[in-house]
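Shown here: model.cif, mmCIF, C-alpha atoms.
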```
data_entry
loop_
_atom_site.group_PDB
_atom_site.id
_atom_site.type_symbol
_atom_site.label_atom_id
_atom_site.label_comp_id
_atom_site.auth_asym_id
_atom_site.auth_seq_id
_atom_site.Cartn_x
_atom_site.Cartn_y
_atom_site.Cartn_z
ATOM 1 C CA MET B 1 165.913 -26.875 219.809
ATOM 2 C CA GLU B 2 168.790 -28.807 221.435
ATOM 3 C CA ARG B 3 166.537 -31.825 221.920
ATOM 4 C CA LEU B 4 165.440 -31.619 218.286
ATOM 5 C CA SER B 5 169.053 -31.403 217.074
ATOM 6 C CA ASN B 6 170.025 -34.417 219.168
ATOM 7 C CA LEU B 7 167.453 -36.579 217.417
ATOM 8 C CA SER B 8 168.488 -38.677 214.447
ATOM 9 C CA TYR B 9 167.494 -37.593 210.964
ATOM 10 C CA LYS B 10 164.894 -40.371 210.732
ATOM 11 C CA ASN B 11 163.311 -39.442 214.058
ATOM 12 C CA GLN B 12 163.276 -35.771 213.062
ATOM 13 C CA ARG B 13 161.340 -36.597 209.909
ATOM 14 C CA ILE B 14 158.828 -38.677 211.882
ATOM 15 C CA LEU B 15 158.385 -35.861 214.417
ATOM 16 C CA ILE B 16 157.866 -33.247 211.680
ATOM 17 C CA ILE B 17 155.313 -35.466 209.924
ATOM 18 C CA LEU B 18 153.441 -35.954 213.188
ATOM 19 C CA LEU B 19 153.442 -32.219 213.916
ATOM 20 C CA PHE B 20 152.142 -31.362 210.441
ATOM 21 C CA SER B 21 149.502 -34.106 210.702
ATOM 22 C CA LEU B 22 148.323 -32.881 214.091
ATOM 23 C CA VAL B 23 146.469 -29.817 212.760
ATOM 24 C CA PRO B 24 144.316 -31.600 210.118
ATOM 25 C CA VAL B 25 143.601 -34.443 212.554
ATOM 26 C CA LEU B 26 142.433 -31.960 215.198
ATOM 27 C CA LEU B 27 140.265 -30.173 212.622
ATOM 28 C CA LEU B 28 138.799 -33.502 211.501
ATOM 29 C CA LEU B 29 138.013 -34.521 215.069
ATOM 30 C CA THR B 30 136.574 -31.105 215.966
ATOM 31 C CA PHE B 31 134.393 -30.509 212.915
ATOM 32 C CA SER B 32 133.519 -34.055 211.810
ATOM 33 C CA TYR B 33 133.686 -36.748 214.460
ATOM 34 C CA LEU B 34 132.761 -34.631 217.490
ATOM 35 C CA PRO B 35 129.563 -33.252 215.852
ATOM 36 C CA VAL B 36 128.538 -36.781 214.853
ATOM 37 C CA PHE B 37 129.109 -37.991 218.409
ATOM 38 C CA LYS B 38 127.089 -35.084 219.821
ATOM 39 C CA MET B 39 124.343 -35.756 217.282
ATOM 40 C CA PHE B 40 124.015 -39.306 218.595
ATOM 41 C CA GLN B 41 123.954 -37.944 222.132
ATOM 42 C CA TYR B 42 121.253 -35.349 221.361
ATOM 43 C CA SER B 43 119.106 -37.944 219.599
ATOM 44 C CA PHE B 44 118.314 -39.565 222.952
ATOM 45 C CA THR B 45 117.133 -36.306 224.515
ATOM 46 C CA SER B 46 114.259 -33.852 224.162
ATOM 47 C CA TRP B 47 116.626 -30.854 223.925
ATOM 48 C CA ASP B 48 115.144 -27.762 222.277
ATOM 49 C CA GLY B 49 118.516 -26.331 221.256
ATOM 50 C CA PHE B 50 118.443 -23.433 223.722
ATOM 51 C CA SER B 51 118.005 -24.586 227.316
ATOM 52 C CA LYS B 52 120.897 -26.001 229.325
ATOM 53 C CA LYS B 53 118.752 -28.889 230.511
ATOM 54 C CA MET B 54 118.588 -32.038 228.396
ATOM 55 C CA ASP B 55 115.949 -34.576 229.405
ATOM 56 C CA TYR B 56 116.888 -38.146 228.496
ATOM 57 C CA VAL B 57 114.020 -39.804 226.583
ATOM 58 C CA GLY B 58 115.716 -42.989 225.411
ATOM 59 C CA PHE B 59 114.477 -44.248 222.047
ATOM 60 C CA ASP B 60 111.287 -42.143 222.052
ATOM 61 C CA ASN B 61 112.564 -39.928 219.235
ATOM 62 C CA TYR B 62 113.273 -42.969 217.065
ATOM 63 C CA LYS B 63 109.854 -44.423 217.881
ATOM 64 C CA THR B 64 108.277 -41.147 216.754
ATOM 65 C CA ILE B 65 110.121 -41.256 213.440
ATOM 66 C CA PHE B 66 109.204 -44.850 212.633
ATOM 67 C CA THR B 67 105.608 -44.783 213.906
ATOM 68 C CA LYS B 68 104.402 -41.485 212.437
ATOM 69 C CA PRO B 69 104.058 -41.800 208.645
ATOM 70 C CA GLU B 70 104.537 -38.083 207.957
ATOM 71 C CA TYR B 71 108.236 -38.394 208.751
ATOM 72 C CA PHE B 72 108.905 -41.111 206.183
ATOM 73 C CA ALA B 73 106.354 -40.017 203.581
ATOM 74 C CA VAL B 74 108.787 -37.368 202.315
ATOM 75 C CA PHE B 75 111.114 -40.103 201.039
ATOM 76 C CA LYS B 76 108.738 -40.443 198.081
ATOM 77 C CA VAL B 77 110.118 -37.106 196.902
ATOM 78 C CA SER B 78 113.605 -38.636 196.807
ATOM 79 C CA LEU B 79 112.416 -41.022 194.076
ATOM 80 C CA TYR B 80 112.228 -38.095 191.632
ATOM 81 C CA TYR B 81 115.882 -37.276 192.311
ATOM 82 C CA PHE B 82 116.778 -40.976 192.249
ATOM 83 C CA PHE B 83 115.479 -41.383 188.690
ATOM 84 C CA ALA B 84 116.996 -38.018 187.764
ATOM 85 C CA THR B 85 120.431 -39.368 188.702
ATOM 86 C CA PHE B 86 120.217 -41.936 185.893
ATOM 87 C CA VAL B 87 119.256 -39.206 183.417
ATOM 88 C CA GLN B 88 122.109 -37.073 184.718
ATOM 89 C CA MET B 89 124.681 -39.873 184.479
ATOM 90 C CA GLY B 90 123.416 -40.930 181.050
ATOM 91 C CA LEU B 91 123.770 -37.408 179.661
ATOM 92 C CA ALA B 92 127.171 -36.943 181.317
ATOM 93 C CA LEU B 93 128.451 -40.230 179.869
ATOM 94 C CA TYR B 94 127.048 -39.406 176.423
ATOM 95 C CA PHE B 95 128.704 -35.982 176.237
ATOM 96 C CA ALA B 96 131.943 -37.291 177.755
ATOM 97 C CA THR B 97 132.108 -40.027 175.104
ATOM 98 C CA ILE B 98 131.383 -37.651 172.229
ATOM 99 C CA LEU B 99 133.884 -35.026 173.393
ATOM 100 C CA SER B 100 136.615 -37.588 174.007
ATOM 101 C CA PHE B 101 136.945 -37.926 170.226
ATOM 102 C CA ASN B 102 138.053 -35.226 167.817
ATOM 103 C CA VAL B 103 135.064 -32.949 167.290
ATOM 104 C CA ARG B 104 134.885 -29.256 166.459
ATOM 105 C CA LEU B 105 134.710 -26.761 169.346
ATOM 106 C CA LYS B 106 135.028 -29.556 171.890
ATOM 107 C CA ASN B 107 136.852 -27.347 174.422
ATOM 108 C CA TRP B 108 134.045 -24.790 174.152
ATOM 109 C CA PHE B 109 131.436 -27.470 174.811
ATOM 110 C CA LYS B 110 133.469 -28.795 177.744
ATOM 111 C CA GLY B 111 133.406 -25.349 179.316
ATOM 112 C CA ILE B 112 129.643 -24.997 178.830
ATOM 113 C CA LEU B 113 128.914 -28.407 180.369
ATOM 114 C CA PHE B 114 131.228 -27.885 183.341
ATOM 115 C CA PHE B 115 130.153 -24.290 184.054
ATOM 116 C CA PRO B 116 127.136 -25.141 186.310
ATOM 117 C CA THR B 117 129.480 -26.967 188.697
ATOM 118 C CA LEU B 118 131.269 -23.677 189.404
ATOM 119 C CA LEU B 119 128.068 -21.983 190.569
ATOM 120 C CA ASN B 120 126.850 -21.938 194.140
ATOM 121 C CA GLY B 121 123.800 -24.099 194.872
ATOM 122 C CA VAL B 122 121.862 -21.122 196.257
ATOM 123 C CA ALA B 123 122.574 -19.113 193.091
ATOM 124 C CA ILE B 124 121.358 -22.019 190.945
ATOM 125 C CA GLY B 125 118.198 -22.189 193.029
ATOM 126 C CA PHE B 126 117.441 -18.518 192.339
ATOM 127 C CA ILE B 127 118.245 -18.933 188.628
ATOM 128 C CA PHE B 128 115.743 -21.760 188.240
ATOM 129 C CA LEU B 129 113.237 -20.006 190.484
ATOM 130 C CA PHE B 130 113.027 -17.300 187.832
ATOM 131 C CA PHE B 131 113.260 -19.886 185.028
ATOM 132 C CA PHE B 132 110.128 -21.730 186.227
ATOM 133 C CA LYS B 133 108.049 -18.676 187.219
ATOM 134 C CA PRO B 134 104.690 -18.348 185.382
ATOM 135 C CA GLU B 135 106.060 -15.308 183.534
ATOM 136 C CA GLY B 136 109.615 -16.640 183.547
ATOM 137 C CA THR B 137 112.065 -17.893 180.952
ATOM 138 C CA LEU B 138 110.604 -21.340 180.236
ATOM 139 C CA ASN B 139 107.050 -20.172 179.577
ATOM 140 C CA THR B 140 108.359 -17.256 177.506
ATOM 141 C CA LEU B 141 110.399 -19.614 175.313
ATOM 142 C CA LEU B 142 107.424 -21.955 174.892
ATOM 143 C CA ASP B 143 105.323 -19.010 173.747
ATOM 144 C CA LEU B 144 107.997 -17.851 171.287
ATOM 145 C CA VAL B 145 108.202 -21.249 169.559
ATOM 146 C CA GLY B 146 104.410 -21.576 169.310
ATOM 147 C CA LEU B 147 103.935 -23.954 172.233
ATOM 148 C CA GLY B 148 102.005 -21.541 174.441
ATOM 149 C CA ALA B 149 99.453 -24.265 175.213
ATOM 150 C CA TRP B 150 102.209 -26.129 177.105
ATOM 151 C CA GLN B 151 102.772 -23.284 179.542
ATOM 152 C CA GLN B 152 102.435 -24.355 183.162
ATOM 153 C CA LYS B 153 102.789 -23.073 186.696
ATOM 154 C CA TRP B 154 105.730 -25.368 187.131
ATOM 155 C CA LEU B 155 106.363 -24.743 190.831
ATOM 156 C CA LEU B 156 102.701 -24.530 191.818
ATOM 157 C CA ASN B 157 101.475 -27.736 190.201
ATOM 158 C CA PRO B 158 101.948 -30.657 192.668
ATOM 159 C CA HIS B 159 102.355 -33.065 189.738
ATOM 160 C CA LEU B 160 105.150 -31.024 188.122
ATOM 161 C CA ILE B 161 106.993 -29.351 190.979
ATOM 162 C CA ASN B 162 109.299 -32.255 191.864
ATOM 163 C CA ILE B 163 110.020 -32.996 188.204
ATOM 164 C CA SER B 164 111.009 -29.355 187.736
ATOM 165 C CA LEU B 165 113.257 -29.415 190.796
ATOM 166 C CA ALA B 166 114.845 -32.690 189.696
ATOM 167 C CA PHE B 167 115.577 -31.104 186.290
ATOM 168 C CA ALA B 168 117.396 -28.252 188.050
ATOM 169 C CA SER B 169 119.395 -30.831 189.999
ATOM 170 C CA VAL B 170 120.365 -32.621 186.774
ATOM 171 C CA TRP B 171 121.593 -29.337 185.267
ATOM 172 C CA ARG B 172 123.675 -28.567 188.323
ATOM 173 C CA TYR B 173 125.426 -31.914 188.878
ATOM 174 C CA MET B 174 125.812 -33.219 185.328
ATOM 175 C CA GLY B 175 128.995 -31.171 184.813
ATOM 176 C CA MET B 176 130.821 -32.881 187.670
ATOM 177 C CA ASN B 177 129.912 -36.356 186.420
ATOM 178 C CA PHE B 178 130.829 -35.265 182.900
ATOM 179 C CA ILE B 179 134.338 -34.161 183.873
ATOM 180 C CA ILE B 180 134.925 -37.379 185.877
ATOM 181 C CA PHE B 181 133.790 -39.557 182.968
ATOM 182 C CA LEU B 182 135.822 -37.481 180.516
ATOM 183 C CA GLY B 183 138.969 -37.915 182.583
ATOM 184 C CA ALA B 184 138.416 -41.674 182.835
ATOM 185 C CA ILE B 185 137.755 -42.053 179.111
ATOM 186 C CA SER B 186 140.777 -39.886 178.222
ATOM 187 C CA SER B 187 143.010 -42.268 180.170
ATOM 188 C CA ILE B 188 142.263 -45.072 177.678
ATOM 189 C CA GLY B 189 145.220 -45.527 175.333
ATOM 190 C CA SER B 190 144.785 -44.413 171.714
ATOM 191 C CA ASP B 191 146.416 -47.650 170.521
ATOM 192 C CA ILE B 192 143.373 -49.582 171.748
ATOM 193 C CA TYR B 193 141.096 -47.476 169.557
ATOM 194 C CA GLU B 194 143.459 -47.848 166.591
ATOM 195 C CA ALA B 195 143.518 -51.629 167.002
ATOM 196 C CA SER B 196 139.714 -51.762 167.161
ATOM 197 C CA GLU B 197 139.388 -49.616 164.022
ATOM 198 C CA ILE B 198 141.686 -52.016 162.177
ATOM 199 C CA ASP B 199 139.307 -54.825 163.202
ATOM 200 C CA GLY B 200 136.381 -52.852 161.768
ATOM 201 C CA ALA B 201 134.855 -51.490 164.989
ATOM 202 C CA ASN B 202 132.691 -48.390 164.785
ATOM 203 C CA ARG B 203 132.063 -45.808 167.522
ATOM 204 C CA TRP B 204 129.261 -47.871 169.088
ATOM 205 C CA HIS B 205 131.491 -50.951 169.286
ATOM 206 C CA GLN B 206 134.255 -48.854 170.865
ATOM 207 C CA PHE B 207 131.817 -47.434 173.409
ATOM 208 C CA ARG B 208 130.368 -50.829 174.306
ATOM 209 C CA HIS B 209 133.491 -52.984 174.342
ATOM 210 C CA ILE B 210 136.268 -50.507 175.234
ATOM 211 C CA ILE B 211 134.911 -47.447 177.052
ATOM 212 C CA ILE B 212 132.295 -49.068 179.305
ATOM 213 C CA PRO B 213 134.572 -51.892 180.602
ATOM 214 C CA SER B 214 137.431 -49.431 181.121
ATOM 215 C CA ILE B 215 135.413 -46.993 183.262
ATOM 216 C CA LYS B 216 133.247 -49.566 185.046
ATOM 217 C CA ARG B 217 134.624 -48.727 188.488
ATOM 218 C CA ILE B 218 134.093 -44.991 187.900
ATOM 219 C CA LEU B 219 130.487 -45.686 186.894
ATOM 220 C CA GLN B 220 129.901 -47.661 190.067
ATOM 221 C CA LEU B 221 131.457 -44.956 192.249
ATOM 222 C CA ASN B 222 129.377 -42.223 190.608
ATOM 223 C CA LEU B 223 126.247 -44.326 191.058
ATOM 224 C CA ILE B 224 126.912 -44.684 194.793
ATOM 225 C CA LEU B 225 127.500 -40.933 195.146
ATOM 226 C CA ALA B 226 124.438 -40.089 193.040
ATOM 227 C CA VAL B 227 122.063 -42.336 194.997
ATOM 228 C CA SER B 228 123.399 -41.050 198.318
ATOM 229 C CA GLY B 229 122.940 -37.507 197.026
ATOM 230 C CA ALA B 230 119.360 -38.237 195.962
ATOM 231 C CA ILE B 231 118.508 -39.262 199.525
ATOM 232 C CA GLY B 232 120.058 -36.136 201.038
ATOM 233 C CA VAL B 233 118.778 -33.457 198.624
ATOM 234 C CA PHE B 234 118.496 -30.063 200.292
ATOM 235 C CA GLU B 235 119.762 -26.897 198.602
ATOM 236 C CA ILE B 236 117.697 -26.583 195.432
ATOM 237 C CA PRO B 237 114.236 -27.477 196.832
ATOM 238 C CA TYR B 238 114.878 -25.454 199.992
ATOM 239 C CA VAL B 239 115.867 -22.306 198.078
ATOM 240 C CA MET B 240 113.211 -22.612 195.378
ATOM 241 C CA THR B 241 110.173 -23.765 197.363
ATOM 242 C CA GLY B 242 111.162 -24.113 201.005
ATOM 243 C CA GLY B 243 109.739 -27.629 200.878
ATOM 244 C CA SER B 244 106.186 -26.411 200.226
ATOM 245 C CA ASN B 245 103.587 -27.862 197.865
ATOM 246 C CA GLY B 246 104.806 -31.448 198.280
ATOM 247 C CA SER B 247 108.469 -30.741 197.506
ATOM 248 C CA GLY B 248 109.857 -31.256 201.005
ATOM 249 C CA THR B 249 112.698 -33.738 201.395
ATOM 250 C CA PHE B 250 113.791 -35.582 204.522
ATOM 251 C CA VAL B 251 116.671 -33.147 205.040
ATOM 252 C CA ILE B 252 114.367 -30.111 204.735
ATOM 253 C CA GLN B 253 112.008 -31.715 207.216
ATOM 254 C CA THR B 254 114.917 -32.335 209.598
ATOM 255 C CA VAL B 255 115.988 -28.685 209.386
ATOM 256 C CA ASP B 256 112.418 -27.508 210.004
ATOM 257 C CA VAL B 257 112.025 -29.790 213.027
ATOM 258 C CA ALA B 258 115.311 -28.499 214.480
ATOM 259 C CA PHE B 259 115.059 -24.760 213.851
ATOM 260 C CA LYS B 260 111.402 -24.018 213.164
ATOM 261 C CA TYR B 261 109.871 -26.214 215.864
ATOM 262 C CA SER B 262 112.899 -26.230 218.230
ATOM 263 C CA LYS B 263 113.018 -30.019 218.537
ATOM 264 C CA LEU B 264 116.744 -30.560 218.202
ATOM 265 C CA GLY B 265 116.628 -33.961 219.891
ATOM 266 C CA LEU B 266 114.095 -35.298 217.386
ATOM 267 C CA ALA B 267 115.967 -33.659 214.495
ATOM 268 C CA SER B 268 119.196 -35.310 215.633
ATOM 269 C CA ALA B 269 117.456 -38.689 215.622
ATOM 270 C CA MET B 270 116.234 -37.970 212.078
ATOM 271 C CA ALA B 271 119.792 -37.104 211.037
ATOM 272 C CA VAL B 272 121.043 -40.383 212.549
ATOM 273 C CA VAL B 273 118.366 -42.296 210.618
ATOM 274 C CA LEU B 274 119.384 -40.536 207.394
ATOM 275 C CA LEU B 275 123.043 -41.357 208.041
ATOM 276 C CA GLY B 276 122.105 -44.999 208.615
ATOM 277 C CA ILE B 277 120.106 -45.145 205.377
ATOM 278 C CA VAL B 278 123.017 -43.708 203.378
ATOM 279 C CA ILE B 279 125.435 -46.230 204.933
ATOM 280 C CA VAL B 280 123.080 -49.152 204.245
ATOM 281 C CA VAL B 281 122.527 -48.052 200.627
ATOM 282 C CA THR B 282 126.281 -47.706 200.093
ATOM 283 C CA ILE B 283 126.979 -51.158 201.552
ATOM 284 C CA LEU B 284 124.215 -52.743 199.467
ATOM 285 C CA GLN B 285 125.583 -51.209 196.296
ATOM 286 C CA ARG B 286 129.085 -52.396 197.081
ATOM 287 C CA VAL B 287 127.768 -55.903 197.769
ATOM 288 C CA LEU B 288 125.581 -56.028 194.654
ATOM 289 C CA ILE B 289 128.252 -54.524 192.425
ATOM 290 C CA LYS B 290 131.236 -56.655 193.318
ATOM 291 C CA GLU B 291 134.612 -56.060 191.794
ATOM 292 C CA GLU B 292 135.458 -58.723 189.262
ATOM 293 C CA LYS B 293 138.673 -60.578 189.940
#
```

Same coordinates, now as structure tokens:
Amino acid sequence: MERLSNLSYKNQRILIILLFSLVPVLLLLTFSYLPVFKMFQYSFTSWDGFSKKMDYVGFDNYKTIFTKPEYFAVFKVSLYYFFATFVQMGLALYFATILSFNVRLKNWFKGILFFPTLLNGVAIGFIFLFFFKPEGTLNTLLDLVGLGAWQQKWLLNPHLINISLAFASVWRYMGMNFIIFLGAISSIGSDIYEASEIDGANRWHQFRHIIIPSIKRILQLNLILAVSGAIGVFEIPYVMTGGSNGSGTFVIQTVDVAFKYSKLGLASAMAVVLLGIVIVVTILQRVLIKEEK
């Protein structure tokens, strides 16, 4: 304490800041950077996850991933979620634009749209598992409105299963995009809208020439996050189908390789490849969508 009291006020503040920063930095290093480093290390071994011995195999795990088509074939499933992201963002932007103006019950609608974001991903998986069952909610509703001929085994049909899962993903994540878009649109000054109305602009003109340019950076950020999320889909397909019937994603396959087949070295290499793909996609998007000066 004497040493601390002898320090100047400025040095005391610096020391306190460093002490308070030490805990989050240690947590970040322990639970983020160290696991990534170990993942790279494991990717060059044939470790099974249990034995103390780790045999170094060099780039054999990476050769296996890139030479055996079954490891990359699952990326076709990601295309369903990739296209679903545009549907999700389009709906989120539409509702955010509508509810940014004065409409009746807009706070009630905001709550309904944001509610799925508050739910756990596992819970959402079980909700939609019942929703898509042959005797579940969707087929029951179709029968009630006279569309019984449209009833399907949504999670058993290979042509419909990934569309159904992508729909569940849209329902879950649309609320988060909606609230981000709503916050960005709400930050636009009302005087801009008033000036445009004086010039004869309607709602479409305001959306096209005021809202879209004002939230362009938010749109680009959400697009990067959505595409990265489409590549790393896990929760909903894993809970609802376990990756069966052609619904397996690269992340589900990685988990199966690690814990079902006890090939942690190969699974680590797959995780490194996935991390590289996400980084490359992010860089490409930032290069293609450059900030205007």

Can you list what the PyMOL selection byres ((chain B and resi 117) around 7) grabs from this structure, as a VMD selection string? chain B and resid 114 to 116 118 to 119 172 to 173 175 to 176

Using C-alpha atoms, can you export the residues from the last selection as a CSV table (one decimal), in the frame of the given file?
```
chain,number,residue,atom,x,y,z
B,114,PHE,CA,131.2,-27.9,183.3
B,115,PHE,CA,130.2,-24.3,184.1
B,116,PRO,CA,127.1,-25.1,186.3
B,118,LEU,CA,131.3,-23.7,189.4
B,119,LEU,CA,128.1,-22.0,190.6
B,172,ARG,CA,123.7,-28.6,188.3
B,173,TYR,CA,125.4,-31.9,188.9
B,175,GLY,CA,129.0,-31.2,184.8
B,176,MET,CA,130.8,-32.9,187.7
```

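A straight line drawn from CA of Val227 (chain B) to CA of Gly248 (chain B) is 17.5 Å long.
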
How would you write, as a list in words, the residues chosen by the PyMOL selection byres ((chain B and resi 246) around 8) on this structure? Val77, Pro158, Ile161, Asn162, Gly243, Ser244, Asn245, Ser247 and Gly248 of chain B

Near Leu91 (chain B), counting only C-alpha atoms, which residues have an atom at most 10 Å away, once you skip same-chain residues fewer than 5 positions from it, shown as an MDAnalysis selection string? chainID B and resid 85:86 96:97 170 174:175 177:178

For this structure, which residues satisfy the selection - the PyMOL selection byres ((chain B and resi 180) around 10) - when it is evaluated on the file as given? I want them as a VMD selection string. chain B and resid 92 to 93 96 175 to 179 181 to 186 215 218 to 219 222

For a cutoff of 9 Å around the file-coordinate point (116.4, -25.7, 200.7), which residues qualify once you count all atoms listed in the file? I'd like the result as a list of chain:residue names. B:Val122, B:Gly125, B:Val233, B:Phe234, B:Glu235, B:Ile236, B:Pro237, B:Tyr238, B:Val239, B:Met240, B:Thr241, B:Gly242, B:Gly243, B:Gly248, B:Thr249, B:Val251, B:Ile252

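In this model, the gap between CA of Tyr81 (chain B) and CA of Phe126 (chain B) comes to 18.8 Å.
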
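Of note, CA of Trp47 (chain B) and CA of Ala267 (chain B) are spaced 9.9 Å apart.
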
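Considering only C-alpha atoms, the residue among B:Leu155, B:Gly229, B:Lys110, B:Ile98 positioned nearest to Trp204 (chain B) is B:Ile98.
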
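Using only C-alpha atoms for every distance, the candidate list B:Phe207, B:Phe109, B:Tyr71, B:Phe50 yields B:Phe50 as the residue closest to Ser262 (chain B).
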
Which residues are near region 135-144 of chain B? Cut-off 12 Å, all atoms listed in the file, ignore same chain within fewer than 5 positions. Put them as a ChimeraX atom specification. /B:126-130,149-155,164

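With only C-alpha atoms as the atoms that count, the minimum distance from Lys63 (chain B) to the choices B:Ser43, B:Ser51, B:Thr254, B:Asn157 is reached by B:Ser43.
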
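Minimum atom-to-atom distance to Phe83 (chain B), evaluated using all atoms listed in the file, belongs to B:Phe167 out of B:Tyr193, B:Phe40, B:Phe259, B:Phe167.
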
Using all atoms listed in the file, which residue out of B:Arg208, B:Arg286, B:Lys263, B:Arg13 lies closest to Thr45 (chain B)? B:Lys263

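Considering the residues B:Pro213, B:Gly49, B:Ser21, B:Leu15 and counting only C-alpha atoms, Val257 (chain B) has its shortest atom-to-atom contact with B:Gly49.
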
For Phe66 (chain B), find every residue with an atom within 12 Å (counting all atoms listed in the file), except residues of its own chain fewer than 4 positions away, and show them as a PyMOL selection string. chain B and resi 59-62+70-73+266+269-270+273
